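*Asks:* My structure is below; once you've seen it, I'll send some questions.
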Amino acid sequence: MSNNKPTADYGYLHVPGERFTSPIEVGSERWFRWLDESGCTKFGVKTSAGSFTAQLEGRRGESQYWYAYKRKDGRLRKLYMGRTEDLMSEKLNRCCWAINTSDEDFYNYKPKKQQPEKLPNKSVTSQADSDAIAPAPLSREQLQSIANELLADPELTRKGKDRGTVKRALAAFINHLSQSEAD
């Protein structure tokens with residue numbers, strides 16, 4: 001992590017140049033006030049799972065969203081984190097795990113949609129996560145059909161900097177399904 005940008009380090013935000021201010025606890029009222037009022041659009045995140053850079057994207061006056069960025073094996077990974085009010089400690093932990101994990105886990109990661117007031121300040125590997133009810137698994141044919149529909153959707157693969165990433169990920173997923181079907 002660069003030393004010249006704010007860093008959320010193991011649950012506490014440290015801001016360079018603010019030497020006499022105590023660290024800000026991630027998820028606290030002070031944290032959200034800092035995110036809203038500081039004008040900062042980029043900060044580092046470091047947890048036991050690794051590190052990444054969080055960046056706010058979108059036009060002022062319109063919807064803005066935070067994304068996680070990490071270069072791994074020569075490729076830049078980008079992961080949607082949510083709106084400012086979604087940036088709780090658990091969200092940062094989950095995103096850090098997902099963006100630092102293997103390619104297979106990264107491309108299969110599905111962020112959980114949760115309400116900030118219901119999120120306790122806990123780590124990713126808590127007992128509550130393992131007690132969640134999982135949906136019924138889809139058949140290989142259903143997965144392949146969904147992936148083909150997504151790949152054919154012009155809105156999903158329209159022009160933009162992520163278009164190639166989406167197409168490659170879907171094509172790799174379809175290829176993986178086809179290969180495992182042959183086994």
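A note on labels: chains of the structure tokens are A, B, ... as shown, every chain counts residues from 1, and ligands are counted from 1 in their shown order.
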Show which residues sit within 8 Å of A:Val45, as a short mmCIF file (atom, residue, chain, number, x, y, z; two decimals) with C-alpha atoms, in the first residue's frame. Count only C-alpha atoms, and ignore same-chain residues fewer than 4 positions away.
*Replies:*
data_model
loop_
_atom_site.label_atom_id
_atom_site.label_comp_id
_atom_site.auth_asym_id
_atom_site.auth_seq_id
_atom_site.Cartn_x
_atom_site.Cartn_y
_atom_site.Cartn_z
CA THR A 7 -5.52 3.12 4.67
CA ALA A 8 -8.17 1.06 6.44
CA ASP A 9 -5.76 -1.22 8.27
CA TYR A 10 -7.35 -4.16 10.16
CA SER A 51 -4.91 -5.86 0.55
CA PHE A 52 -6.57 -3.83 -2.20
CA THR A 53 -7.36 -0.27 -3.24
CA ALA A 54 -10.94 0.99 -2.88
CA LEU A 92 -14.27 -4.80 3.40
CA CYS A 96 -10.48 -8.40 0.49
#
*Asks:* When you count only C-alpha atoms, which of these residues is closest to A:Pro23: A:Gly11, A:Tyr67, A:Ala98, A:Glu90?
*Replies:*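 Using only C-alpha atoms, the shortest distance to A:Pro23 belongs to A:Gly11.
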*Asks:* Got a sec: who's within 10 Å of A:Trp34, counting only C-alpha atoms, leaving out chain neighbours fewer than 5 positions off, as a PyMOL selection string?
*Replies:* chain A and resi 13+24+28-29+39-40
